[in-house]
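Note sheet for the following structure.
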Amino acid sequence: MEKKTKIHAEDDRHDLVITREFDLPVELLFKAYEDPEIVAQWMGTKVLRLENKKYGGWEFETSDANGNVVFKANGVIHDFVPNQKIVRTFEMENIDFAPQLEFLEFEKLTDDSSKLTMQIIYRSIEHRTTQLKLPFAQGLNMAHNRLEEIVTKIK
Amino acid sequence: MTSLYLQSNNCVMEIRRDVFQAIADPTRRAILSLVAIQAMTPGAIAENFNSSRQTISKHIQILNECELLHQTQNGREIYYHLNPEKMKEIDKFIEPFRKMWDDRFNKLESIMKNYKK
């Protein structure tokens with residue numbers, strides 16, 4: 001099967017483009033980015049703040065099973081057009097990494113399918129490389145998986 | 001403590017490892033992420049996980065054998081660093097990143113399908 005999520009990263013550029021087609025109407029795809037509770041579910045993080053408007057800001061925080069905060073990120077929202085686009089910054093806290101700029105475009109393909117194109121612009125090629133080579137987020141996902149394990153046990 | 005590490009080293013030495021195998025495991029990727037930020041002792045690394053120290057030191061040994069880690073001795077403590085040269089050899093380094101987004105998006109899709117009428 002063809003990979004659903006594609007990453008296009010050219011060697012000499014300091015951006016990359018992530019594309020993904022969803023079996024979802026564009027309205028539902030956008031809702032997954034708009035509703036803080038839903039964002040929390042699929043991103044596996046706590047959403048402290050999500051102000052979906054120009055000049056708005058957002059803050060995410062992820063804790064491990066013991067309640068220690070392992071990841072904190074924040075940014076500002078530059079543009080927010082429902083079912084079309086979001087422009088925002090992304091910055092990890094407590095790590096010496098420059099913020100990145102993200103352009104998210106939501107596109108209707110059919111009534112029941114849609115496409116997301118996410119361009120991420122890094123400060124430098126080195127910054128992009130580090131981000132890609134060291135899958136920080138994988139570690140964070142793992143923290144999240146542990147949380148899930150615990151939640152499943154409680155159920 | 002030293003003997004403990006030697007033992008786990010012997011266990012894993014039997015199997016031929018390559019870098020891709022090394023980074024295929026989520027715990028090992030998490031270890032790499034940790035030591036990418038700063039050099040750490042095995043104890044400090046293990047504190048970040050729920051697994052036993054022994055399990056984590058086994059993972060560290062595998063990463064060490066694949067030369068993804070450098071080690072330096074400081075008094076009685078061993079510190080592990082990331083070996084960036086070896087990381088450069090991973091020409092498929094985008095894959096874990098892609099996989100991470102793919103997992104997230106799969107989750108997004110399955111959650112949102114519940115909202116479909």
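Naming works like this for the structure tokens: A, B, ... for the chains as they're shown, residue 1 at the start of each chain, ligands 1 onward in shown order.
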- Task: Skip Glu59 of chain A itself and residues of its chain fewer than 3 positions away, then list as a VMD selection string all residues within 7 Å of it, counting only C-alpha atoms.
- Result: chain A and resid 47 to 50 73 to 75
- Task: Could you list the residues in chain B lying within 8 Å of chain A, using only C-alpha atoms, and format the result as a list in words?
- Result: Pro26, Thr27, Arg29, Ala30, Ile31, Leu32, Ser33, Ala36, Ile37, Met87, Phe93, Ile94, Pro96, Phe97, Arg98, Met100, Trp101, Asp102, Arg104, Phe105, Lys107, Leu108, Glu109, Ile111, Met112, Lys113, Tyr115 and Lys116 of chain B
Could you write out the selected residues, including N, CA and C atoms, as a short mmCIF file (atom, residue, chain, number, x, y, z; two decimals), in the first residue's frame?
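The result, stored in again.cif:
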```cif
data_model
loop_
_atom_site.label_atom_id
_atom_site.label_comp_id
_atom_site.auth_asym_id
_atom_site.auth_seq_id
_atom_site.Cartn_x
_atom_site.Cartn_y
_atom_site.Cartn_z
N PRO B 26 11.45 1.99 19.74
CA PRO B 26 11.07 3.32 20.28
C PRO B 26 11.85 3.72 21.53
N THR B 27 12.16 2.76 22.38
CA THR B 27 12.92 3.11 23.59
C THR B 27 14.31 3.60 23.21
N ARG B 29 15.18 4.94 20.41
CA ARG B 29 15.07 6.28 19.80
C ARG B 29 14.93 7.34 20.89
N ALA B 30 14.19 6.99 21.92
CA ALA B 30 14.01 7.93 23.03
C ALA B 30 15.34 8.18 23.73
N ILE B 31 16.14 7.13 23.88
CA ILE B 31 17.46 7.29 24.50
C ILE B 31 18.32 8.23 23.66
N LEU B 32 18.29 8.02 22.35
CA LEU B 32 19.06 8.90 21.45
C LEU B 32 18.62 10.35 21.60
N SER B 33 17.31 10.52 21.71
CA SER B 33 16.79 11.89 21.87
C SER B 33 17.30 12.53 23.15
N ALA B 36 21.02 13.32 22.93
CA ALA B 36 21.27 14.35 21.92
C ALA B 36 21.32 15.71 22.58
N ILE B 37 20.58 15.84 23.67
CA ILE B 37 20.51 17.13 24.35
C ILE B 37 21.73 17.31 25.25
N MET B 87 25.11 9.07 13.10
CA MET B 87 23.73 9.44 12.76
C MET B 87 23.64 9.87 11.29
N PHE B 93 16.84 8.73 7.54
CA PHE B 93 16.49 9.32 8.83
C PHE B 93 15.11 9.96 8.84
N ILE B 94 14.57 10.22 7.67
CA ILE B 94 13.26 10.86 7.62
C ILE B 94 12.16 9.89 8.06
N PRO B 96 11.55 7.77 10.61
CA PRO B 96 10.91 7.86 11.94
C PRO B 96 10.02 9.10 12.08
N PHE B 97 10.47 10.19 11.46
CA PHE B 97 9.71 11.44 11.50
C PHE B 97 8.38 11.27 10.76
N ARG B 98 8.49 10.64 9.58
CA ARG B 98 7.29 10.38 8.78
C ARG B 98 6.33 9.47 9.55
N MET B 100 6.05 9.07 12.69
CA MET B 100 5.43 9.78 13.80
C MET B 100 4.18 10.52 13.32
N TRP B 101 4.33 11.25 12.21
CA TRP B 101 3.19 11.99 11.67
C TRP B 101 2.12 11.04 11.16
N ASP B 102 2.55 9.96 10.54
CA ASP B 102 1.59 8.98 10.02
C ASP B 102 0.74 8.40 11.16
N ARG B 104 0.13 9.82 14.06
CA ARG B 104 -0.76 10.87 14.55
C ARG B 104 -1.96 11.04 13.63
N PHE B 105 -1.68 11.09 12.33
CA PHE B 105 -2.76 11.31 11.37
C PHE B 105 -3.72 10.11 11.32
N LYS B 107 -4.46 8.33 13.80
CA LYS B 107 -5.27 8.49 15.00
C LYS B 107 -6.34 9.55 14.77
N LEU B 108 -5.89 10.67 14.18
CA LEU B 108 -6.82 11.76 13.87
C LEU B 108 -7.98 11.22 13.03
N GLU B 109 -7.61 10.46 11.99
CA GLU B 109 -8.61 9.94 11.07
C GLU B 109 -9.61 9.03 11.79
N ILE B 111 -10.34 8.93 14.98
CA ILE B 111 -11.17 9.70 15.93
C ILE B 111 -12.28 10.43 15.17
N MET B 112 -11.91 11.08 14.08
CA MET B 112 -12.87 11.91 13.36
C MET B 112 -13.93 11.09 12.63
N LYS B 113 -13.61 9.84 12.34
CA LYS B 113 -14.61 9.00 11.67
C LYS B 113 -15.84 8.79 12.55
N TYR B 115 -17.25 11.04 14.15
CA TYR B 115 -18.11 12.21 14.02
C TYR B 115 -18.91 12.19 12.72
N LYS B 116 -18.54 11.25 11.85
CA LYS B 116 -19.21 11.14 10.55
C LYS B 116 -20.62 10.63 10.74
#
```
- Task: Would you please extract all helix (DSSP H, G or I) residues from segment 34-126 of chain A, as assigned by DSSP on the backbone, and give them as a ChimeraX atom specification?
- Result: /A:34,36-43,125-126
For the residues selected in the previous step, produce a file with C-alpha atoms as a tab-separated table (two decimals), in the first residue's frame.
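result.tsv written:
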```tsv
chain	number	residue	atom	x	y	z
A	34	GLU	CA	-9.84	23.37	15.97
A	36	PRO	CA	-8.86	21.45	21.87
A	37	GLU	CA	-10.24	18.18	23.23
A	38	ILE	CA	-9.80	16.43	19.90
A	39	VAL	CA	-6.33	17.91	19.40
A	40	ALA	CA	-5.38	16.51	22.78
A	41	GLN	CA	-6.53	13.05	21.73
A	42	TRP	CA	-4.61	12.64	18.51
A	43	MET	CA	-1.56	14.71	19.39
A	125	ILE	CA	19.18	23.61	7.19
A	126	GLU	CA	20.99	22.38	10.31
```
- Message: Residues of segment 52-104 of chain A classed as strand (DSSP E or B) by DSSP on the backbone are to be reported as a PyMOL selection string.
- Response: chain A and resi 57-63+69-81+85-92+100-104
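Across the structure, atom CA of Phe80 of chain A and atom CA of Glu10 of chain A are spaced 27.6 Å apart.
Atom CA of Asp103 of chain B is positioned 18.8 Å from atom CA of Phe106 of chain A.
With distances restricted to only C-alpha atoms, B:His70 is the closest residue to Val35 of chain B from B:Lys99, B:Lys117, B:Arg53, B:His70.
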